[in-house]
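Source file: data.cif. Holds: mmCIF, C-alpha atoms (C1' of nucleotides).
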```
data_query
#
loop_
_atom_site.label_atom_id
_atom_site.label_comp_id
_atom_site.auth_asym_id
_atom_site.auth_seq_id
_atom_site.Cartn_x
_atom_site.Cartn_y
_atom_site.Cartn_z
CA MET A 1 -108.66 219.26 -50.77
CA GLY A 2 -105.63 221.21 -49.65
CA LEU A 3 -103.53 218.24 -48.62
CA ALA A 4 -100.89 216.44 -50.63
CA LYS A 5 -101.26 212.73 -51.42
CA THR A 6 -97.92 211.93 -49.86
CA GLU A 7 -98.50 208.18 -49.97
CA ILE A 8 -98.04 208.02 -53.73
CA PHE A 9 -94.58 209.61 -53.61
CA THR A 10 -91.20 208.33 -52.52
CA ASP A 11 -89.74 209.22 -49.14
CA GLN A 12 -87.11 211.26 -50.90
CA GLN A 13 -89.68 213.24 -52.87
CA ASN A 14 -91.69 213.93 -49.74
CA LYS A 15 -88.57 214.92 -47.84
CA ILE A 16 -87.53 217.40 -50.52
CA ALA A 17 -91.04 218.85 -50.50
CA VAL A 18 -91.17 219.18 -46.72
CA PHE A 19 -87.81 220.93 -46.51
CA ALA A 20 -88.56 223.14 -49.50
CA LYS A 21 -91.85 224.13 -47.91
CA ALA A 22 -89.91 225.44 -44.93
CA PHE A 23 -88.19 227.90 -47.27
CA GLY A 24 -91.43 228.64 -49.07
CA HIS A 25 -92.16 231.69 -46.98
CA PRO A 26 -89.94 234.78 -46.95
CA ALA A 27 -90.30 235.19 -43.18
CA ARG A 28 -88.73 231.79 -42.59
CA VAL A 29 -86.00 232.58 -45.10
CA ALA A 30 -85.34 235.82 -43.22
CA ILE A 31 -85.30 234.05 -39.85
CA LEU A 32 -82.76 231.51 -41.05
CA GLN A 33 -80.57 234.18 -42.64
CA GLN A 34 -80.63 236.14 -39.40
CA LEU A 35 -79.64 233.05 -37.42
CA PHE A 36 -76.71 232.55 -39.76
CA LYS A 37 -75.69 236.17 -39.45
CA THR A 38 -75.75 236.57 -35.68
CA ASP A 39 -74.39 234.34 -32.96
CA ILE A 40 -77.07 235.14 -30.43
CA CYS A 41 -80.61 235.60 -31.62
CA TYR A 42 -83.63 235.87 -29.38
CA CYS A 43 -87.19 235.63 -30.54
CA GLY A 44 -87.64 239.32 -29.80
CA ASN A 45 -84.71 240.25 -32.03
CA LEU A 46 -86.39 238.50 -34.93
CA VAL A 47 -89.67 240.28 -34.26
CA ASP A 48 -87.85 243.65 -34.35
CA GLU A 49 -85.71 242.74 -37.32
CA ILE A 50 -88.41 241.25 -39.53
CA GLY A 51 -91.43 243.33 -38.62
CA LEU A 52 -94.14 240.74 -38.24
CA ALA A 53 -96.16 240.37 -35.06
CA GLN A 54 -94.66 238.33 -32.26
CA PRO A 55 -97.16 235.46 -32.49
CA THR A 56 -96.48 235.22 -36.22
CA ILE A 57 -92.73 234.95 -35.68
CA SER A 58 -93.28 232.39 -32.92
CA GLN A 59 -95.41 230.37 -35.30
CA HIS A 60 -92.73 230.38 -38.00
CA LEU A 61 -90.07 229.49 -35.40
CA LYS A 62 -92.19 226.56 -34.29
CA GLU A 63 -92.36 225.17 -37.81
CA LEU A 64 -88.62 225.46 -38.31
CA LYS A 65 -88.01 223.88 -34.91
CA LEU A 66 -90.40 221.03 -35.63
CA LEU A 67 -88.45 220.27 -38.79
CA GLY A 68 -85.26 220.31 -36.76
CA LEU A 69 -83.65 223.11 -38.75
CA ILE A 70 -83.33 225.30 -35.65
CA LYS A 71 -82.96 224.82 -31.91
CA GLY A 72 -84.17 227.05 -29.10
CA ASN A 73 -82.52 227.53 -25.75
CA VAL A 74 -84.50 229.02 -22.87
CA GLU A 75 -82.57 231.72 -20.97
CA GLY A 76 -84.76 233.19 -18.30
CA THR A 77 -87.76 234.71 -20.00
CA SER A 78 -86.00 234.78 -23.36
CA VAL A 79 -85.36 232.04 -25.87
CA CYS A 80 -82.17 232.01 -27.88
CA TYR A 81 -82.52 230.37 -31.28
CA CYS A 82 -79.83 228.97 -33.54
CA ILE A 83 -79.36 226.78 -36.58
CA ASP A 84 -79.22 223.04 -35.93
CA ALA A 85 -76.09 222.28 -37.91
CA GLU A 86 -76.73 218.57 -38.19
CA THR A 87 -80.22 218.80 -39.67
CA TRP A 88 -79.18 221.75 -41.83
CA THR A 89 -76.39 219.65 -43.36
CA GLU A 90 -78.70 216.70 -43.91
CA MET A 91 -81.27 218.97 -45.57
CA LYS A 92 -78.59 220.61 -47.66
CA ASN A 93 -77.39 217.28 -49.03
CA ILE A 94 -80.91 216.27 -49.99
CA MET A 95 -81.61 219.59 -51.68
CA GLN A 96 -78.24 219.69 -53.44
CA ASP A 97 -78.86 216.27 -54.94
CA PHE A 98 -82.13 217.54 -56.30
CA LEU A 99 -80.73 220.84 -57.60
CA ASN A 100 -77.69 219.22 -59.17
CA GLN A 101 -79.62 216.89 -61.44
CA ASP A 102 -77.78 216.77 -64.72
CA LEU A 103 -78.82 219.27 -67.35
CA ALA A 104 -75.86 218.51 -69.61
CA ASN A 105 -77.06 215.74 -71.90
CA LYS A 106 -80.52 217.18 -72.23
CA GLU A 107 -81.58 218.76 -75.47
CA ASP A 108 -84.61 220.99 -75.37
CA CYS A 109 -87.70 219.29 -76.72
CA CYS A 110 -89.21 222.74 -76.99
CA MET B 1 -104.90 235.80 -43.80
CA GLY B 2 -103.20 233.17 -45.92
CA LEU B 3 -101.01 235.56 -47.86
CA ALA B 4 -97.41 236.52 -47.17
CA LYS B 5 -96.44 240.14 -46.53
CA THR B 6 -93.93 240.12 -49.36
CA GLU B 7 -93.41 243.88 -49.24
CA ILE B 8 -91.45 243.71 -46.00
CA PHE B 9 -88.87 241.27 -47.39
CA THR B 10 -86.00 241.69 -49.82
CA ASP B 11 -86.30 240.64 -53.45
CA GLN B 12 -83.81 237.89 -52.78
CA GLN B 13 -85.81 236.53 -49.84
CA ASN B 14 -89.00 236.58 -51.87
CA LYS B 15 -87.28 234.90 -54.80
CA ILE B 16 -85.94 232.10 -52.61
CA ALA B 17 -89.41 231.62 -51.14
CA VAL B 18 -91.13 231.54 -54.53
CA PHE B 19 -88.72 228.98 -55.98
CA ALA B 20 -88.76 226.90 -52.80
CA LYS B 21 -92.53 226.88 -52.90
CA ALA B 22 -92.36 225.27 -56.34
CA PHE B 23 -90.55 222.33 -54.74
CA GLY B 24 -92.86 222.38 -51.75
CA HIS B 25 -95.14 219.73 -53.21
CA PRO B 26 -94.01 216.17 -53.95
CA ALA B 27 -95.94 216.10 -57.23
CA ARG B 28 -93.91 218.99 -58.59
CA VAL B 29 -90.72 217.36 -57.34
CA ALA B 30 -91.75 214.17 -59.14
CA ILE B 31 -92.59 216.05 -62.34
CA LEU B 32 -89.22 217.77 -62.41
CA GLN B 33 -87.35 214.55 -61.67
CA GLN B 34 -89.22 212.84 -64.49
CA LEU B 35 -88.35 215.66 -66.89
CA PHE B 36 -84.69 215.25 -65.95
CA LYS B 37 -84.86 211.50 -66.42
CA THR B 38 -86.52 211.33 -69.82
CA ASP B 39 -85.83 213.32 -72.95
CA ILE B 40 -89.41 213.38 -74.16
CA CYS B 41 -92.16 213.78 -71.63
CA TYR B 42 -95.80 214.43 -72.48
CA CYS B 43 -98.38 215.55 -69.98
CA GLY B 44 -100.05 212.14 -70.28
CA ASN B 45 -96.83 210.36 -69.36
CA LEU B 46 -96.69 212.33 -66.15
CA VAL B 47 -100.30 211.51 -65.36
CA ASP B 48 -99.54 207.79 -65.80
CA GLU B 49 -96.23 207.94 -63.98
CA ILE B 50 -97.33 209.96 -60.99
CA GLY B 51 -100.90 208.80 -60.48
CA LEU B 52 -102.75 212.04 -59.92
CA ALA B 53 -105.71 213.10 -62.04
CA GLN B 54 -104.99 214.83 -65.33
CA PRO B 55 -106.32 218.22 -64.27
CA THR B 56 -104.20 218.06 -61.14
CA ILE B 57 -101.04 217.38 -63.12
CA SER B 58 -101.95 220.14 -65.57
CA GLN B 59 -102.33 222.51 -62.65
CA HIS B 60 -98.90 221.65 -61.27
CA LEU B 61 -97.38 221.96 -64.75
CA LYS B 62 -98.92 225.40 -65.09
CA GLU B 63 -97.29 226.58 -61.88
CA LEU B 64 -93.88 225.29 -62.90
CA LYS B 65 -94.29 226.85 -66.34
CA LEU B 66 -95.37 230.18 -64.88
CA LEU B 67 -92.18 230.22 -62.82
CA GLY B 68 -90.21 229.45 -65.96
CA LEU B 69 -88.72 226.22 -64.63
CA ILE B 70 -90.25 224.20 -67.46
CA LYS B 71 -91.31 224.76 -71.05
CA GLY B 72 -94.08 223.09 -73.00
CA ASN B 73 -94.12 222.36 -76.72
CA VAL B 74 -97.40 221.60 -78.48
CA GLU B 75 -97.16 218.59 -80.82
CA GLY B 76 -100.53 217.88 -82.31
CA THR B 77 -102.88 217.08 -79.46
CA SER B 78 -100.01 216.38 -77.10
CA VAL B 79 -97.74 218.75 -75.21
CA CYS B 80 -94.10 217.86 -74.65
CA TYR B 81 -92.61 219.33 -71.50
CA CYS B 82 -88.99 219.87 -70.60
CA ILE B 83 -86.77 221.68 -68.10
CA ASP B 84 -85.95 225.28 -69.00
CA ALA B 85 -82.19 225.09 -68.47
CA GLU B 86 -81.68 228.82 -68.17
CA THR B 87 -84.22 229.41 -65.40
CA TRP B 88 -83.21 226.20 -63.67
CA THR B 89 -79.61 227.40 -63.51
CA GLU B 90 -80.64 230.82 -62.24
CA MET B 91 -82.83 229.22 -59.58
CA LYS B 92 -80.07 226.81 -58.65
CA ASN B 93 -77.61 229.64 -58.05
CA ILE B 94 -80.04 231.47 -55.83
CA MET B 95 -80.85 228.36 -53.82
CA GLN B 96 -77.21 227.28 -53.54
CA ASP B 97 -76.26 230.66 -52.11
CA PHE B 98 -78.92 230.21 -49.49
CA LEU B 99 -78.04 226.61 -48.68
CA ASN B 100 -74.31 227.28 -48.53
CA GLN B 101 -74.49 229.91 -45.82
CA ASP B 102 -71.52 229.35 -43.57
CA LEU B 103 -72.04 227.08 -40.60
CA ALA B 104 -68.34 226.91 -39.75
CA ASN B 105 -67.74 229.72 -37.30
CA LYS B 106 -71.04 229.24 -35.54
CA GLU B 107 -71.06 227.81 -32.08
CA ASP B 108 -74.35 226.49 -30.81
CA CYS B 109 -76.07 228.89 -28.49
CA CYS B 110 -78.19 225.94 -27.45
"C1'" DA C 1 -118.15 215.30 -91.11
"C1'" DT C 2 -117.84 212.43 -87.15
"C1'" DC C 3 -115.36 210.49 -83.60
"C1'" DA C 4 -111.21 209.88 -80.68
"C1'" DT C 5 -107.37 211.67 -78.16
"C1'" DT C 6 -104.93 214.89 -75.42
"C1'" DA C 7 -104.48 218.68 -72.51
"C1'" DA C 8 -106.29 223.05 -70.59
"C1'" DT C 9 -109.80 225.41 -68.07
"C1'" DC C 10 -113.69 226.02 -64.90
"C1'" DG C 11 -115.90 225.26 -60.76
"C1'" DT C 12 -115.74 223.65 -56.29
"C1'" DA C 13 -114.94 221.20 -51.81
"C1'" DA C 14 -111.69 220.19 -48.18
"C1'" DA C 15 -107.75 221.47 -45.95
"C1'" DA C 16 -103.66 224.18 -45.02
"C1'" DT C 17 -101.39 228.63 -44.46
"C1'" DT C 18 -100.66 233.26 -42.85
"C1'" DA C 19 -101.38 236.84 -39.75
"C1'" DC C 20 -102.57 238.79 -35.48
"C1'" DA C 21 -105.36 240.09 -31.16
"C1'" DA C 22 -106.02 238.23 -26.82
"C1'" DT C 23 -104.38 235.54 -23.42
"C1'" DA C 24 -101.56 232.41 -20.73
"C1'" DA C 25 -97.18 230.84 -18.83
"C1'" DA C 26 -92.80 231.46 -17.01
"C1'" DT C 27 -89.30 233.98 -15.09
"C1'" DA C 28 -87.00 238.31 -13.57
"C1'" DA C 29 -87.10 242.66 -11.23
"C1'" DA C 30 -88.97 245.85 -7.83
"C1'" DT D 1 -95.56 239.72 -3.53
"C1'" DT D 2 -96.60 242.58 -7.15
"C1'" DT D 3 -95.25 244.07 -11.56
"C1'" DA D 4 -92.77 243.81 -15.87
"C1'" DT D 5 -90.79 241.18 -19.60
"C1'" DT D 6 -90.59 237.66 -22.90
"C1'" DT D 7 -92.39 233.98 -25.50
"C1'" DA D 8 -95.90 230.40 -26.38
"C1'" DT D 9 -100.61 229.26 -27.12
"C1'" DT D 10 -105.41 229.85 -28.48
"C1'" DG D 11 -108.79 231.32 -31.50
"C1'" DT D 12 -110.08 233.13 -35.74
"C1'" DA D 13 -110.55 235.53 -40.35
"C1'" DA D 14 -108.85 235.88 -44.98
"C1'" DT D 15 -106.56 233.54 -48.42
"C1'" DT D 16 -104.22 229.98 -50.79
"C1'" DT D 17 -103.48 225.24 -51.96
"C1'" DT D 18 -104.67 220.69 -53.49
"C1'" DA D 19 -107.47 217.62 -55.86
"C1'" DC D 20 -110.72 216.25 -59.19
"C1'" DG D 21 -115.25 215.94 -61.98
"C1'" DA D 22 -117.11 218.13 -65.83
"C1'" DT D 23 -116.33 220.52 -69.69
"C1'" DT D 24 -114.01 222.85 -73.46
"C1'" DA D 25 -110.53 223.38 -77.08
"C1'" DA D 26 -107.58 221.68 -80.42
"C1'" DT D 27 -105.91 218.44 -83.38
"C1'" DG D 28 -105.76 213.75 -85.51
"C1'" DA D 29 -107.92 209.71 -87.41
"C1'" DT D 30 -111.73 207.36 -89.87
#
```
Translate the structure described by the file into structure tokens.
Amino acid sequence: MGLAKTEIFTDQQNKIAVFAKAFGHPARVAILQQLFKTDICYCGNLVDEIGLAQPTISQHLKELKLLGLIKGNVEGTSVCYCIDAETWTEMKNIMQDFLNQDLANKEDCC
Amino acid sequence: MGLAKTEIFTDQQNKIAVFAKAFGHPARVAILQQLFKTDICYCGNLVDEIGLAQPTISQHLKELKLLGLIKGNVEGTSVCYCIDAETWTEMKNIMQDFLNQDLANKEDCC
DNA sequence: ATCATTAATCGTAAAATTACAATAAATAAA
DNA sequence: TTTATTTATTGTAATTTTACGATTAATGAT
């Protein structure tokens, strides 16, 4: 198949999965880290920094942009990318809730 | 291609991606949530609860087990699964570091 | 010993992902 | 206006992912 049966899961479960998927490739992790590190970050900078072909970086940027995690601002022939703080915070809350599930009162069955 | 060029990324970036990928499917999110919710959770319970075929659930369990996020204990013909607290905590720290990157002193370029 | 139950494995089809060459589009520079 | 620069888009090959039917393996029950 290759496609998830999203209809049998809750919105929250699907949301976690969709956001997690965004981080499921090291190139997108690297892009986001770079955007956090620098104030001004053009597509070309990311190509140089990361070392994947330009169309590949553009493709990853598109995915992150579609999710709303980043924004792009056209400046002449260049495009300056940055983190979308609002969506990042929303995503963070959702992921934190998932990660912070209580381990305390759980005894290993194994 | 279909495969990531892991060799050009840092260990940390690859680790984030690998863990994130585990959460990149709602079925695995659902499995983990169920394991947090109940103390005793057999493979068959997950099949009933989630509503995917038994081989599909087994496949997802295998991935989570391979990553070390869960453990399985054979009890007769059944297998009881649970969260592996140690790996979960390690993963959580890695993911938290990534999620908590500082947004404060960042002004939108866009 | 035979049958039932439970879960893993195998095989496979459909679809998604990753990567990049080639090209197009848009703007800046000459 | 022609050329250069920068990024997006298109097309495509290799690979991975998802899902499940069929089967196997292992143990329990009769």
Given the file shown, enumerate the residues that the PyMOL selection byres ((chain D) within 10 of (chain A)) captures and present them as a PyMOL selection string. chain D and resi 5-9+16-20
Write to file, as a PDB file, in the coordinates of the input, the residues of the selection just made, with C-alpha atoms (C1' of nucleotides).
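And here is the file that came out, result00.pdb:
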```pdb
ATOM      1  C1'  DT D   5     -90.790 241.180 -19.600  1.00  0.00           C
ATOM      2  C1'  DT D   6     -90.590 237.660 -22.900  1.00  0.00           C
ATOM      3  C1'  DT D   7     -92.390 233.980 -25.500  1.00  0.00           C
ATOM      4  C1'  DA D   8     -95.900 230.400 -26.380  1.00  0.00           C
ATOM      5  C1'  DT D   9    -100.610 229.260 -27.120  1.00  0.00           C
ATOM      6  C1'  DT D  16    -104.220 229.980 -50.790  1.00  0.00           C
ATOM      7  C1'  DT D  17    -103.480 225.240 -51.960  1.00  0.00           C
ATOM      8  C1'  DT D  18    -104.670 220.690 -53.490  1.00  0.00           C
ATOM      9  C1'  DA D  19    -107.470 217.620 -55.860  1.00  0.00           C
ATOM     10  C1'  DC D  20    -110.720 216.250 -59.190  1.00  0.00           C
TER      11       DC D  20
END
```
How would chain A read as a short mmCIF file (atom, residue, chain, number, x, y, z; two decimals) with C-alpha atoms, in the frame of the given file once least-squares superposed on chain B using all paired C-alpha atoms?
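Result written to selection-v5.cif:
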```cif
data_model
loop_
_atom_site.label_atom_id
_atom_site.label_comp_id
_atom_site.auth_asym_id
_atom_site.auth_seq_id
_atom_site.Cartn_x
_atom_site.Cartn_y
_atom_site.Cartn_z
CA MET A 1 -104.88 235.81 -43.83
CA GLY A 2 -103.18 233.20 -45.96
CA LEU A 3 -100.97 235.57 -47.91
CA ALA A 4 -97.38 236.50 -47.22
CA LYS A 5 -96.42 240.13 -46.56
CA THR A 6 -93.90 240.11 -49.37
CA GLU A 7 -93.38 243.87 -49.25
CA ILE A 8 -91.43 243.70 -46.00
CA PHE A 9 -88.86 241.27 -47.41
CA THR A 10 -85.99 241.68 -49.83
CA ASP A 11 -86.29 240.63 -53.45
CA GLN A 12 -83.81 237.88 -52.78
CA GLN A 13 -85.80 236.53 -49.84
CA ASN A 14 -89.00 236.57 -51.86
CA LYS A 15 -87.28 234.90 -54.79
CA ILE A 16 -85.94 232.09 -52.62
CA ALA A 17 -89.41 231.61 -51.15
CA VAL A 18 -91.12 231.54 -54.54
CA PHE A 19 -88.71 228.98 -55.97
CA ALA A 20 -88.75 226.88 -52.81
CA LYS A 21 -92.53 226.88 -52.90
CA ALA A 22 -92.37 225.27 -56.33
CA PHE A 23 -90.56 222.32 -54.74
CA GLY A 24 -92.88 222.36 -51.75
CA HIS A 25 -95.15 219.73 -53.20
CA PRO A 26 -94.02 216.17 -53.94
CA ALA A 27 -95.96 216.08 -57.22
CA ARG A 28 -93.92 218.98 -58.58
CA VAL A 29 -90.73 217.36 -57.33
CA ALA A 30 -91.75 214.17 -59.14
CA ILE A 31 -92.60 216.05 -62.33
CA LEU A 32 -89.22 217.77 -62.39
CA GLN A 33 -87.36 214.54 -61.67
CA GLN A 34 -89.22 212.84 -64.50
CA LEU A 35 -88.34 215.67 -66.88
CA PHE A 36 -84.70 215.26 -65.94
CA LYS A 37 -84.87 211.52 -66.43
CA THR A 38 -86.54 211.36 -69.83
CA ASP A 39 -85.85 213.30 -72.98
CA ILE A 40 -89.42 213.37 -74.18
CA CYS A 41 -92.18 213.79 -71.65
CA TYR A 42 -95.80 214.44 -72.48
CA CYS A 43 -98.40 215.54 -70.01
CA GLY A 44 -100.05 212.14 -70.30
CA ASN A 45 -96.83 210.35 -69.38
CA LEU A 46 -96.69 212.32 -66.15
CA VAL A 47 -100.30 211.50 -65.35
CA ASP A 48 -99.55 207.77 -65.81
CA GLU A 49 -96.24 207.92 -64.00
CA ILE A 50 -97.34 209.94 -60.98
CA GLY A 51 -100.90 208.78 -60.49
CA LEU A 52 -102.76 212.01 -59.89
CA ALA A 53 -105.71 213.07 -62.02
CA GLN A 54 -104.98 214.79 -65.29
CA PRO A 55 -106.33 218.20 -64.24
CA THR A 56 -104.18 218.05 -61.12
CA ILE A 57 -101.03 217.36 -63.13
CA SER A 58 -101.95 220.12 -65.57
CA GLN A 59 -102.34 222.49 -62.66
CA HIS A 60 -98.91 221.63 -61.26
CA LEU A 61 -97.38 221.94 -64.75
CA LYS A 62 -98.92 225.38 -65.08
CA GLU A 63 -97.30 226.57 -61.87
CA LEU A 64 -93.89 225.28 -62.90
CA LYS A 65 -94.30 226.83 -66.34
CA LEU A 66 -95.37 230.16 -64.89
CA LEU A 67 -92.19 230.21 -62.82
CA GLY A 68 -90.21 229.45 -65.95
CA LEU A 69 -88.73 226.22 -64.61
CA ILE A 70 -90.26 224.20 -67.46
CA LYS A 71 -91.31 224.77 -71.05
CA GLY A 72 -94.08 223.09 -73.01
CA ASN A 73 -94.10 222.39 -76.71
CA VAL A 74 -97.38 221.63 -78.47
CA GLU A 75 -97.15 218.63 -80.83
CA GLY A 76 -100.52 217.93 -82.31
CA THR A 77 -102.87 217.15 -79.47
CA SER A 78 -100.00 216.44 -77.10
CA VAL A 79 -97.72 218.78 -75.21
CA CYS A 80 -94.11 217.86 -74.65
CA TYR A 81 -92.62 219.34 -71.49
CA CYS A 82 -88.99 219.87 -70.58
CA ILE A 83 -86.79 221.68 -68.11
CA ASP A 84 -85.95 225.29 -68.97
CA ALA A 85 -82.21 225.09 -68.45
CA GLU A 86 -81.69 228.82 -68.15
CA THR A 87 -84.22 229.43 -65.39
CA TRP A 88 -83.22 226.20 -63.66
CA THR A 89 -79.60 227.40 -63.50
CA GLU A 90 -80.64 230.82 -62.23
CA MET A 91 -82.83 229.21 -59.56
CA LYS A 92 -80.07 226.82 -58.63
CA ASN A 93 -77.60 229.64 -58.04
CA ILE A 94 -80.04 231.48 -55.81
CA MET A 95 -80.85 228.37 -53.80
CA GLN A 96 -77.21 227.29 -53.53
CA ASP A 97 -76.26 230.67 -52.10
CA PHE A 98 -78.92 230.22 -49.48
CA LEU A 99 -78.03 226.61 -48.67
CA ASN A 100 -74.31 227.29 -48.54
CA GLN A 101 -74.49 229.91 -45.82
CA ASP A 102 -71.53 229.37 -43.56
CA LEU A 103 -72.04 227.08 -40.60
CA ALA A 104 -68.34 226.92 -39.76
CA ASN A 105 -67.75 229.77 -37.34
CA LYS A 106 -71.03 229.27 -35.57
CA GLU A 107 -71.08 227.85 -32.10
CA ASP A 108 -74.37 226.50 -30.85
CA CYS A 109 -76.10 228.87 -28.47
CA CYS A 110 -78.22 225.92 -27.43
#
```
Given a cut-off of 6 Å, which residues of chain C touch chain A, counting all atoms listed in the file, written out as a ChimeraX atom specification? /C:14-16,27
Those selected residues, please, written with C-alpha atoms (C1' of nucleotides) and delivered as a PDB file, in the frame of the given file.
```pdb
ATOM      1  C1'  DA C  14    -111.690 220.190 -48.180  1.00  0.00           C
ATOM      2  C1'  DA C  15    -107.750 221.470 -45.950  1.00  0.00           C
ATOM      3  C1'  DA C  16    -103.660 224.180 -45.020  1.00  0.00           C
ATOM      4  C1'  DT C  27     -89.300 233.980 -15.090  1.00  0.00           C
TER       5       DT C  27
END
```
Tell me which residues the PyMOL selection byres ((chain A) within 6 of (chain B)) grabs here, as JSON, numbers by chain. {"A": [13, 14, 17, 20, 21, 23, 24, 25, 26, 73, 110]}
One decimal, Å: what's the distance from CA of Glu49 in chain B over to C1' of DT17 in chain C, could you say?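 C1' of DT17 in chain C lies at a distance of 28.9 Å from CA of Glu49 in chain B.
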Evaluate the PyMOL selection byres ((chain D and resi 25-29) around 9) and record the selected residues as a PyMOL selection string, following the chain and residue labels used in the document. (chain B and resi 76-78) or (chain C and resi 3-8) or (chain D and resi 24+30)
As a PDB file, keeping the file's coordinate frame, the rebuilt range 56-70 of chain B with N, CA and C atoms:
```
ATOM      1  N   THR B  56    -105.118 217.739 -62.232  1.00  0.00           N
ATOM      2  CA  THR B  56    -104.200 218.060 -61.140  1.00  0.00           C
ATOM      3  C   THR B  56    -102.774 218.221 -61.663  1.00  0.00           C
ATOM      4  N   ILE B  57    -102.378 217.286 -62.524  1.00  0.00           N
ATOM      5  CA  ILE B  57    -101.040 217.380 -63.120  1.00  0.00           C
ATOM      6  C   ILE B  57    -100.923 218.647 -63.957  1.00  0.00           C
ATOM      7  N   SER B  58    -101.939 218.923 -64.735  1.00  0.00           N
ATOM      8  CA  SER B  58    -101.950 220.140 -65.570  1.00  0.00           C
ATOM      9  C   SER B  58    -101.761 221.390 -64.714  1.00  0.00           C
ATOM     10  N   GLN B  59    -102.423 221.371 -63.565  1.00  0.00           N
ATOM     11  CA  GLN B  59    -102.330 222.510 -62.650  1.00  0.00           C
ATOM     12  C   GLN B  59    -100.906 222.690 -62.145  1.00  0.00           C
ATOM     13  N   HIS B  60    -100.281 221.582 -61.757  1.00  0.00           N
ATOM     14  CA  HIS B  60     -98.900 221.650 -61.270  1.00  0.00           C
ATOM     15  C   HIS B  60     -97.952 222.082 -62.392  1.00  0.00           C
ATOM     16  N   LEU B  61     -98.210 221.572 -63.601  1.00  0.00           N
ATOM     17  CA  LEU B  61     -97.380 221.960 -64.750  1.00  0.00           C
ATOM     18  C   LEU B  61     -97.485 223.466 -65.001  1.00  0.00           C
ATOM     19  N   LYS B  62     -98.689 223.971 -64.858  1.00  0.00           N
ATOM     20  CA  LYS B  62     -98.920 225.400 -65.090  1.00  0.00           C
ATOM     21  C   LYS B  62     -98.090 226.252 -64.128  1.00  0.00           C
ATOM     22  N   GLU B  63     -98.050 225.832 -62.883  1.00  0.00           N
ATOM     23  CA  GLU B  63     -97.290 226.580 -61.880  1.00  0.00           C
ATOM     24  C   GLU B  63     -95.796 226.584 -62.215  1.00  0.00           C
ATOM     25  N   LEU B  64     -95.304 225.398 -62.585  1.00  0.00           N
ATOM     26  CA  LEU B  64     -93.880 225.290 -62.900  1.00  0.00           C
ATOM     27  C   LEU B  64     -93.546 226.098 -64.159  1.00  0.00           C
ATOM     28  N   LYS B  65     -94.488 226.115 -65.094  1.00  0.00           N
ATOM     29  CA  LYS B  65     -94.290 226.850 -66.340  1.00  0.00           C
ATOM     30  C   LYS B  65     -94.317 228.358 -66.076  1.00  0.00           C
ATOM     31  N   LEU B  66     -95.238 228.762 -65.226  1.00  0.00           N
ATOM     32  CA  LEU B  66     -95.370 230.180 -64.880  1.00  0.00           C
ATOM     33  C   LEU B  66     -94.084 230.707 -64.261  1.00  0.00           C
ATOM     34  N   LEU B  67     -93.446 229.856 -63.464  1.00  0.00           N
ATOM     35  CA  LEU B  67     -92.180 230.220 -62.820  1.00  0.00           C
ATOM     36  C   LEU B  67     -91.032 230.190 -63.819  1.00  0.00           C
ATOM     37  N   GLY B  68     -91.254 229.531 -64.943  1.00  0.00           N
ATOM     38  CA  GLY B  68     -90.210 229.450 -65.960  1.00  0.00           C
ATOM     39  C   GLY B  68     -89.303 228.249 -65.809  1.00  0.00           C
ATOM     40  N   LEU B  69     -89.597 227.380 -64.858  1.00  0.00           N
ATOM     41  CA  LEU B  69     -88.720 226.220 -64.630  1.00  0.00           C
ATOM     42  C   LEU B  69     -88.878 225.161 -65.710  1.00  0.00           C
ATOM     43  N   ILE B  70     -90.041 225.147 -66.368  1.00  0.00           N
ATOM     44  CA  ILE B  70     -90.250 224.200 -67.460  1.00  0.00           C
ATOM     45  C   ILE B  70     -90.846 224.920 -68.669  1.00  0.00           C
TER      46      ILE B  70
END
```
